[in-house]
>>> print(open('final-v7.pdb').read())   # PDB, C-alpha atoms
ATOM      1  CA  MET C 161      97.253 114.020  95.375
ATOM      2  CA  GLU C 162      96.496 112.253  92.102
ATOM      3  CA  GLN C 163      94.379 113.785  89.331
ATOM      4  CA  GLU C 164      91.470 111.648  88.098
ATOM      5  CA  ILE C 165      92.071 110.177  84.656
ATOM      6  CA  GLN C 166      90.264 111.344  81.538
ATOM      7  CA  ILE C 167      90.419 109.212  78.409
ATOM      8  CA  ARG C 168      89.575 110.320  74.875
ATOM      9  CA  LEU C 169      89.474 107.822  72.029
ATOM     10  CA  GLU C 170      90.901 108.695  68.617
ATOM     11  CA  ARG C 171      91.580 106.630  65.518
ATOM     12  CA  HIS C 172      94.732 106.923  63.440
ATOM     13  CA  ASP C 173      95.681 104.522  60.631
ATOM     14  CA  GLY C 174      93.631 101.665  62.043
ATOM     15  CA  VAL C 175      94.948 102.204  65.558
ATOM     16  CA  THR C 176      92.646 103.238  68.406
ATOM     17  CA  VAL C 177      94.486 105.729  70.575
ATOM     18  CA  PHE C 178      93.557 106.103  74.227
ATOM     19  CA  ASP C 179      94.591 109.712  74.820
ATOM     20  CA  MET C 180      94.918 109.708  78.612
ATOM     21  CA  HIS C 181      95.097 112.811  80.768
ATOM     22  CA  GLY C 182      95.634 112.592  84.516
ATOM     23  CA  ASP C 183      97.030 109.963  86.846
ATOM     24  CA  LEU C 184      96.406 106.218  86.709
ATOM     25  CA  THR C 185      95.336 104.646  90.016
ATOM     26  CA  ALA C 186      93.063 101.822  91.177
ATOM     27  CA  PHE C 187      90.151 104.254  90.911
ATOM     28  CA  SER C 188      90.835 104.688  87.195
ATOM     29  CA  GLU C 189      89.485 101.177  86.554
ATOM     30  CA  PRO C 190      85.917 102.101  85.524
ATOM     31  CA  PHE C 191      87.168 104.816  83.164
ATOM     32  CA  LEU C 192      89.663 102.538  81.458
ATOM     33  CA  LYS C 193      87.070  99.762  81.287
ATOM     34  CA  GLU C 194      84.543 102.074  79.656
ATOM     35  CA  ALA C 195      87.117 103.298  77.131
ATOM     36  CA  TYR C 196      88.100  99.714  76.325
ATOM     37  CA  ASN C 197      84.465  98.618  75.929
ATOM     38  CA  ASN C 198      83.837 101.554  73.583
ATOM     39  CA  ALA C 199      86.948 100.671  71.587
ATOM     40  CA  ASN C 200      85.799  97.048  71.362
ATOM     41  CA  ASP C 201      82.329  98.117  70.195
ATOM     42  CA  GLU C 202      84.086  99.866  67.309
ATOM     43  CA  GLY C 203      86.057  96.726  66.491
ATOM     44  CA  ALA C 204      89.479  97.909  67.656
ATOM     45  CA  ARG C 205      92.265  95.409  66.915
ATOM     46  CA  LYS C 206      95.212  97.713  67.658
ATOM     47  CA  ILE C 207      95.351  99.967  70.690
ATOM     48  CA  LEU C 208      97.812 102.642  71.738
ATOM     49  CA  LEU C 209      97.837 103.914  75.314
ATOM     50  CA  LYS C 210      99.096 107.470  75.172
ATOM     51  CA  PHE C 211     100.125 108.920  78.537
ATOM     52  CA  GLN C 212     101.187 112.451  79.333
ATOM     53  CA  GLU C 213     104.778 112.665  80.546
ATOM     54  CA  SER C 214     103.555 114.252  83.773
ATOM     55  CA  ALA C 215     101.201 111.321  84.483
ATOM     56  CA  TYR C 216     101.657 109.476  87.765
ATOM     57  CA  ILE C 217     100.954 105.739  87.794
ATOM     58  CA  ASN C 218     100.894 104.073  91.185
ATOM     59  CA  SER C 219     100.696 100.381  92.067
ATOM     60  CA  GLY C 220      96.915 100.481  91.692
ATOM     61  CA  GLY C 221      97.285 101.983  88.247
ATOM     62  CA  ILE C 222      99.737  99.245  87.314
ATOM     63  CA  ALA C 223      97.155  96.678  88.457
ATOM     64  CA  VAL C 224      94.512  98.300  86.214
ATOM     65  CA  LEU C 225      96.945  98.271  83.318
ATOM     66  CA  ILE C 226      97.815  94.595  83.825
ATOM     67  CA  GLN C 227      94.095  93.805  83.863
ATOM     68  CA  LEU C 228      93.691  95.599  80.545
ATOM     69  CA  LEU C 229      96.711  93.874  79.018
ATOM     70  CA  ALA C 230      95.339  90.481  80.078
ATOM     71  CA  GLU C 231      92.058  91.336  78.360
ATOM     72  CA  THR C 232      93.729  92.498  75.135
ATOM     73  CA  LYS C 233      95.811  89.310  75.091
ATOM     74  CA  ARG C 234      92.653  87.223  75.481
ATOM     75  CA  ASN C 235      91.060  89.119  72.604
ATOM     76  CA  ASN C 236      94.176  88.866  70.395
ATOM     77  CA  GLN C 237      94.534  92.617  70.231
ATOM     78  CA  GLN C 238      97.846  94.399  69.806
ATOM     79  CA  ILE C 239      98.730  97.075  72.291
ATOM     80  CA  GLY C 240     101.432  99.706  72.589
ATOM     81  CA  ILE C 241     102.285 102.377  75.121
ATOM     82  CA  THR C 242     103.771 105.816  74.656
ATOM     83  CA  GLY C 243     104.257 109.116  76.500
ATOM     84  CA  LEU C 244     105.795 107.673  79.650
ATOM     85  CA  SER C 245     108.478 109.533  81.566
ATOM     86  CA  GLU C 246     111.850 107.792  81.891
ATOM     87  CA  HIS C 247     110.959 107.041  85.520
ATOM     88  CA  PHE C 248     107.887 105.028  84.536
ATOM     89  CA  LYS C 249     109.550 103.370  81.555
ATOM     90  CA  LYS C 250     112.001 101.938  84.085
ATOM     91  CA  ILE C 251     109.214 100.831  86.428
ATOM     92  CA  PHE C 252     107.254  99.221  83.594
ATOM     93  CA  HIS C 253     110.383  97.277  82.597
ATOM     94  CA  MET C 254     110.919  96.177  86.219
ATOM     95  CA  VAL C 255     107.375  94.872  86.703
ATOM     96  CA  GLY C 256     107.369  93.092  83.332
ATOM     97  CA  ILE C 257     104.705  95.067  81.486
ATOM     98  CA  THR C 258     107.052  95.259  78.511
ATOM     99  CA  LYS C 259     106.523  91.515  77.964
ATOM    100  CA  PHE C 260     102.928  92.277  76.993
ATOM    101  CA  ALA C 261     103.087  95.729  75.439
ATOM    102  CA  LYS C 262     105.834  97.541  73.582
ATOM    103  CA  ILE C 263     106.820 100.931  74.925
ATOM    104  CA  HIS C 264     107.464 103.524  72.234
ATOM    105  CA  ASN C 265     109.332 106.782  72.480
ATOM    106  CA  THR C 266     106.906 108.785  70.335
ATOM    107  CA  VAL C 267     103.329 108.564  69.091
ATOM    108  CA  GLU C 268     104.590 108.487  65.486
ATOM    109  CA  GLU C 269     106.869 105.552  66.212
ATOM    110  CA  ALA C 270     104.034 103.723  67.985
ATOM    111  CA  LEU C 271     101.530 104.276  65.172
ATOM    112  CA  GLU C 272     104.047 103.168  62.547
ATOM    113  CA  SER C 273     104.837 100.030  64.537
ATOM    114  CA  LEU C 274     101.213  99.129  65.239
ATOM    115  CA  SER C 275      99.698  99.983  61.865
ATOM    116  CA  GLY C 276     102.515  98.263  60.007
ATOM    117  CA  SER C 277     102.111  95.000  61.900
TER     118      SER C 277
ATOM    119  CA  MET Q 317     106.166 130.419 110.282
ATOM    120  CA  ASP Q 318     103.237 129.650 107.997
ATOM    121  CA  LEU Q 319     102.797 125.913 107.923
ATOM    122  CA  PRO Q 320     100.826 124.710 104.894
ATOM    123  CA  LEU Q 321      97.771 122.924 106.254
ATOM    124  CA  GLY Q 322      97.764 119.197 105.504
ATOM    125  CA  TYR Q 323      95.162 116.567 106.350
ATOM    126  CA  LEU Q 324      96.761 115.811 109.722
ATOM    127  CA  PHE Q 325      96.238 119.257 111.200
ATOM    128  CA  ARG Q 326      92.766 120.070 109.877
ATOM    129  CA  GLY Q 327      90.466 121.293 112.606
ATOM    130  CA  LEU Q 328      93.212 122.614 114.911
ATOM    131  CA  ASP Q 329      92.732 126.164 116.144
ATOM    132  CA  ASP Q 330      95.234 128.966 115.534
ATOM    133  CA  ASP Q 331      96.922 128.505 118.893
ATOM    134  CA  GLN Q 332      97.364 124.780 118.329
ATOM    135  CA  LEU Q 333      98.725 125.390 114.836
ATOM    136  CA  LYS Q 334     101.229 127.904 116.234
ATOM    137  CA  ARG Q 335     102.508 125.281 118.677
ATOM    138  CA  ILE Q 336     102.919 122.785 115.825
ATOM    139  CA  ALA Q 337     104.714 125.402 113.700
ATOM    140  CA  ALA Q 338     107.066 126.175 116.599
ATOM    141  CA  VAL Q 339     108.488 122.642 116.462
ATOM    142  CA  ALA Q 340     108.764 122.515 112.646
ATOM    143  CA  ARG Q 341     112.081 123.120 110.900
ATOM    144  CA  GLU Q 342     112.610 123.834 107.205
ATOM    145  CA  VAL Q 343     114.924 121.451 105.364
ATOM    146  CA  SER Q 344     115.839 121.463 101.692
ATOM    147  CA  MET Q 345     115.837 118.346  99.506
ATOM    148  CA  GLU Q 346     117.509 117.568  96.203
ATOM    149  CA  ASN Q 347     115.984 115.628  93.327
ATOM    150  CA  GLY Q 348     116.522 111.885  93.868
ATOM    151  CA  GLU Q 349     117.434 112.276  97.529
ATOM    152  CA  GLN Q 350     116.061 109.549  99.800
ATOM    153  CA  ILE Q 351     114.335 111.197 102.759
ATOM    154  CA  CYS Q 352     113.334 108.106 104.691
ATOM    155  CA  ARG Q 353     113.407 104.377 104.086
ATOM    156  CA  GLU Q 354     110.716 101.724 104.527
ATOM    157  CA  GLU Q 355     111.001  99.858 107.871
ATOM    158  CA  GLU Q 356     113.521 102.358 109.203
ATOM    159  CA  GLU Q 357     112.846 103.842 112.655
ATOM    160  CA  ALA Q 358     110.417 106.735 112.240
ATOM    161  CA  LYS Q 359     111.871 109.792 113.951
ATOM    162  CA  ASP Q 360     110.408 112.671 111.976
ATOM    163  CA  LEU Q 361     107.163 113.705 110.338
ATOM    164  CA  TYR Q 362     107.444 115.681 107.101
ATOM    165  CA  ILE Q 363     105.238 118.306 105.513
ATOM    166  CA  LEU Q 364     105.785 119.359 101.924
ATOM    167  CA  LYS Q 365     106.340 123.074 101.350
ATOM    168  CA  THR Q 366     107.591 123.033  97.737
ATOM    169  CA  GLY Q 367     108.744 120.379  95.283
ATOM    170  CA  ALA Q 368     107.527 116.785  95.107
ATOM    171  CA  VAL Q 369     108.087 113.560  97.020
ATOM    172  CA  GLU Q 370     107.385 110.055  95.760
ATOM    173  CA  LEU Q 371     106.391 107.265  98.137
ATOM    174  CA  MET Q 372     107.495 103.759  97.155
ATOM    175  CA  THR Q 373     107.358 100.250  98.580
ATOM    176  CA  LYS Q 374     109.920  97.524  98.011
ATOM    177  CA  VAL Q 375     108.612  94.360  96.364
ATOM    178  CA  GLU Q 376     111.549  92.052  95.697
ATOM    179  CA  ASN Q 377     115.008  92.085  94.150
ATOM    180  CA  ASP Q 378     115.154  95.830  94.623
ATOM    181  CA  VAL Q 379     111.978  96.374  92.612
ATOM    182  CA  GLU Q 380     110.113  99.350  94.028
ATOM    183  CA  LEU Q 381     106.432  99.986  93.366
ATOM    184  CA  PRO Q 382     105.214 103.584  93.257
ATOM    185  CA  ILE Q 383     102.482 104.211  95.820
ATOM    186  CA  SER Q 384     101.849 107.939  95.708
ATOM    187  CA  ILE Q 385     103.267 111.267  94.612
ATOM    188  CA  LEU Q 386     103.014 114.222  96.980
ATOM    189  CA  GLN Q 387     102.973 117.516  95.108
ATOM    190  CA  ASN Q 388     100.758 119.890  97.065
ATOM    191  CA  PRO Q 389     101.981 122.162  99.874
ATOM    192  CA  GLY Q 390     100.792 120.584 103.107
ATOM    193  CA  ASP Q 391     101.060 116.974 101.891
ATOM    194  CA  ILE Q 392     102.328 114.858 104.749
ATOM    195  CA  PHE Q 393     104.407 111.711 105.095
ATOM    196  CA  GLY Q 394     106.177 109.936 107.939
ATOM    197  CA  SER Q 395     103.066 109.335 110.051
ATOM    198  CA  GLY Q 396     104.815 106.251 111.446
ATOM    199  CA  VAL Q 397     106.123 108.593 114.166
ATOM    200  CA  LEU Q 398     102.657 108.492 115.709
ATOM    201  CA  ILE Q 399     101.963 104.746 115.771
ATOM    202  CA  ALA Q 400     103.902 101.881 117.346
ATOM    203  CA  PRO Q 401     106.241 100.275 116.351
ATOM    204  CA  TYR Q 402     107.270 103.713 115.029
ATOM    205  CA  LEU Q 403     108.641 102.592 111.681
ATOM    206  CA  TYR Q 404     108.275 104.210 108.267
ATOM    207  CA  SER Q 405     105.857 102.158 106.157
ATOM    208  CA  LEU Q 406     107.159 103.480 102.838
ATOM    209  CA  THR Q 407     110.318 104.884 101.305
ATOM    210  CA  ALA Q 408     110.157 108.583 100.473
ATOM    211  CA  ARG Q 409     112.309 110.017  97.720
ATOM    212  CA  CYS Q 410     112.494 113.589  96.461
ATOM    213  CA  ALA Q 411     110.944 113.756  92.983
ATOM    214  CA  GLY Q 412     111.519 117.471  92.512
ATOM    215  CA  THR Q 413     113.936 119.753  94.368
ATOM    216  CA  GLY Q 414     112.132 121.604  97.109
ATOM    217  CA  ILE Q 415     111.640 122.283 100.775
ATOM    218  CA  LEU Q 416     110.108 120.251 103.561
ATOM    219  CA  PHE Q 417     109.059 121.062 107.093
ATOM    220  CA  ARG Q 418     110.434 118.443 109.470
ATOM    221  CA  ILE Q 419     108.839 117.824 112.866
ATOM    222  CA  GLU Q 420     110.534 115.548 115.376
ATOM    223  CA  GLY Q 421     108.199 112.745 116.372
ATOM    224  CA  SER Q 422     109.082 113.156 120.039
ATOM    225  CA  ALA Q 423     108.201 116.875 119.922
ATOM    226  CA  LEU Q 424     104.850 116.177 118.251
ATOM    227  CA  GLN Q 425     104.000 113.431 120.732
ATOM    228  CA  LYS Q 426     104.854 115.807 123.588
ATOM    229  CA  LEU Q 427     102.436 118.425 122.209
ATOM    230  CA  MET Q 428      99.749 115.758 121.818
ATOM    231  CA  GLY Q 429     100.290 114.601 125.394
ATOM    232  CA  GLU Q 430     100.075 118.156 126.769
ATOM    233  CA  ASP Q 431      96.932 119.014 124.760
ATOM    234  CA  ARG Q 432      94.596 116.043 124.538
ATOM    235  CA  ASP Q 433      92.211 117.852 122.164
ATOM    236  CA  LEU Q 434      95.084 118.474 119.775
ATOM    237  CA  GLY Q 435      96.093 114.819 120.048
ATOM    238  CA  CYS Q 436      92.537 113.625 119.463
ATOM    239  CA  ILE Q 437      92.099 115.791 116.356
ATOM    240  CA  ILE Q 438      95.399 114.610 114.887
ATOM    241  CA  MET Q 439      94.669 110.917 115.508
ATOM    242  CA  THR Q 440      91.132 111.268 114.115
ATOM    243  CA  ASN Q 441      92.545 112.847 110.952
ATOM    244  CA  LEU Q 442      95.158 110.102 110.740
ATOM    245  CA  ALA Q 443      92.468 107.419 111.048
ATOM    246  CA  GLY Q 444      90.492 109.031 108.214
ATOM    247  CA  HIS Q 445      93.595 109.117 106.031
ATOM    248  CA  PHE Q 446      94.359 105.448 106.711
ATOM    249  CA  LEU Q 447      90.766 104.491 105.904
ATOM    250  CA  ALA Q 448      91.046 106.178 102.509
ATOM    251  CA  ARG Q 449      94.342 104.375 101.843
ATOM    252  CA  LEU Q 450      92.807 101.068 102.971
ATOM    253  CA  LYS Q 451      89.928 101.516 100.515
ATOM    254  CA  GLU Q 452      92.393 102.183  97.724
ATOM    255  CA  SER Q 453      94.454  99.120  98.641
ATOM    256  CA  ARG Q 454      91.322  96.954  98.689
ATOM    257  CA  GLN Q 455      90.368  98.260  95.266
ATOM    258  CA  GLU Q 456      93.812  97.296  94.007
ATOM    259  CA  ILE Q 457      93.496  93.796  95.503
ATOM    260  CA  LYS Q 458      90.094  93.357  93.827
ATOM    261  CA  ILE Q 459      91.597  94.267  90.469
ATOM    262  CA  HIS Q 460      94.422  91.761  90.898
ATOM    263  CA  PHE Q 461      91.989  89.030  91.928
ATOM    264  CA  ASN Q 462      89.727  89.805  88.996
ATOM    265  CA  THR Q 463      92.664  89.480  86.622
ATOM    266  CA  LEU Q 464      93.673  86.200  88.251
ATOM    267  CA  LEU Q 465      90.167  84.743  88.186
ATOM    268  CA  ARG Q 466      89.648  85.660  84.531
ATOM    269  CA  SER Q 467      92.942  84.020  83.629
ATOM    270  CA  TYR Q 468      91.596  80.705  85.000
ATOM    271  CA  ARG Q 469      88.410  80.828  82.940
TER     272      ARG Q 469
END
>>> encode(input="final-v7.pdb", output="C-alpha cells")
Amino acid sequence: MEQEIQIRLERHDGVTVFDMHGDLTAFSEPFLKEAYNNANDEGARKILLKFQESAYINSGGIAVLIQLLAETKRNNQQIGITGLSEHFKKIFHMVGITKFAKIHNTVEEALESLSGS
Amino acid sequence: MDLPLGYLFRGLDDDQLKRIAAVAREVSMENGEQICREEEEAKDLYILKTGAVELMTKVENDVELPISILQNPGDIFGSGVLIAPYLYSLTARCAGTGILFRIEGSALQKLMGEDRDLGCIIMTNLAGHFLARLKESRQEIKIHFNTLLRSYR
C-alpha cells in the first residue's frame, strides 16, 4: 500500500525545493497543487522536486507530475527532479518526462544547475 | 500455516481461514523475477509473505507503467483467477527478494463452491477492492483530462 505524500517547501539559492516524503499517486494531486500554489505565491521561478529514493510513483503519480510540469511550462518556470531510484529514472525517461524536467543525481547538482541558469 | 490476512480474506472465520491455508504453498522469489504476465492465463492467486512485488501494465513499445507496489504481508495479486476470462490484468515482478504464498485458482474456486458463505465473503471483498481501484483510475483520468483541457486554453 502507498504512503500518502507530505511536501515541505524550502528555499535554497533562489530555488524552491519541494521536499517530498511518501509515495506519489493520483490522490497526491491536492497536496502537490497546494505546494505549487504556495510556491507561486512566494514568486518561485525555479523549482526542484526532491523525492526520497524509497518513494513509489505509480501511473497516477506520473499523471499528477505531468500536470505540474505543464503548469510550470505555462508559467515559464524552470523545474528539476532529484532523489529518484534508478528504477524510476528509467521510467521517467521512458514516458518522456525528461523532455520537460532535468533529472539530477544529487540535490547539490540540481541546485547548482538551477541557480546557475 | 499462518497466512497473513489480506483484503480478500477479511471476515472469514478461523475454520474458513484454515481451509484456505491448507491449499496455500510457499514459494520464494528473486529480485527482478517475473511472477505473472499481463493477459496470461490466470492459474494462481498470490499472497505476499515477505519482500515486495511491483504491478505494471504495458503501454506500448515495451513501455511499462507502474501501477502499484505491494510491500505488506497479506497483500494480494492474481485475482484474475476468480473472474472470467481468468487472465492476469497486470504483470507482477519481484521488487525485493522474498516469499509468496501461492494458491491454485482451481483449489480456491473449489473451496468457494463447497462453502457459499466463504465464496460470498471473498467476492464481496474483491468487489470492494475493485471499487477502490476504479476510483483511483477515474482520478487519474480526470487529471489527464484536466492537463489536456488546460493545454487547449
>>> atom_distance(input="final-v7.pdb", atom1="CA of Arg449 in chain Q", atom2="CA of Ile383 in chain Q")
10.1 Å
>>> residues_around(input="final-v7.pdb", residues="range 234-241 of chain C", least_positions_apart="4", cutoff="12 Å", atoms="only C-alpha atoms", output="MDAnalysis selection string")
(chainID C and resid 174:180 196 199:200 203:213 225:230 245 248:249 252 257:277) or (chainID Q and resid 463 466:469)
>>> atom_distance(input="final-v7.pdb", atom1="CA of Met372 in chain Q", atom2="CA of Gly396 in chain Q")
14.8 Å
>>> resolve_selection(input="final-v7.pdb", expression="the PyMOL selection byres ((chain Q and resi 452) around 12)", output="VMD selection string")
(chain C and resid 185 to 189 218 to 221 223) or (chain Q and resid 383 to 384 445 to 451 453 to 459)
>>> residues_around(input="final-v7.pdb", residues="Met254 in chain C", least_positions_apart="3", cutoff="12 Å", atoms="all atoms listed in the file", output="PyMOL selection string")
(chain C and resi 222+247-251+257-259) or (chain Q and resi 374-382)
>>> resolve_selection(input="final-v7.pdb", expression="the PyMOL selection byres ((chain Q and resi 418) around 6)", output="PDB file with C-alpha atoms, keeping the file's coordinate frame")
ATOM      1  CA  ALA Q 340     108.764 122.515 112.646  1.00  0.00           C
ATOM      2  CA  ARG Q 341     112.081 123.120 110.900  1.00  0.00           C
ATOM      3  CA  LEU Q 361     107.163 113.705 110.338  1.00  0.00           C
ATOM      4  CA  TYR Q 362     107.444 115.681 107.101  1.00  0.00           C
ATOM      5  CA  PHE Q 417     109.059 121.062 107.093  1.00  0.00           C
ATOM      6  CA  ILE Q 419     108.839 117.824 112.866  1.00  0.00           C
TER       7      ILE Q 419
END
>>> atom_distance(input="final-v7.pdb", atom1="CA of Gln387 in chain Q", atom2="CA of Ser344 in chain Q")
15.0 Å
>>> residues_around(input="final-v7.pdb", residues="Asp183 in chain C", least_positions_apart="2", cutoff="8 Å", atoms="only C-alpha atoms", output="ChimeraX atom specification")
/C:162-165,181,185,215-217
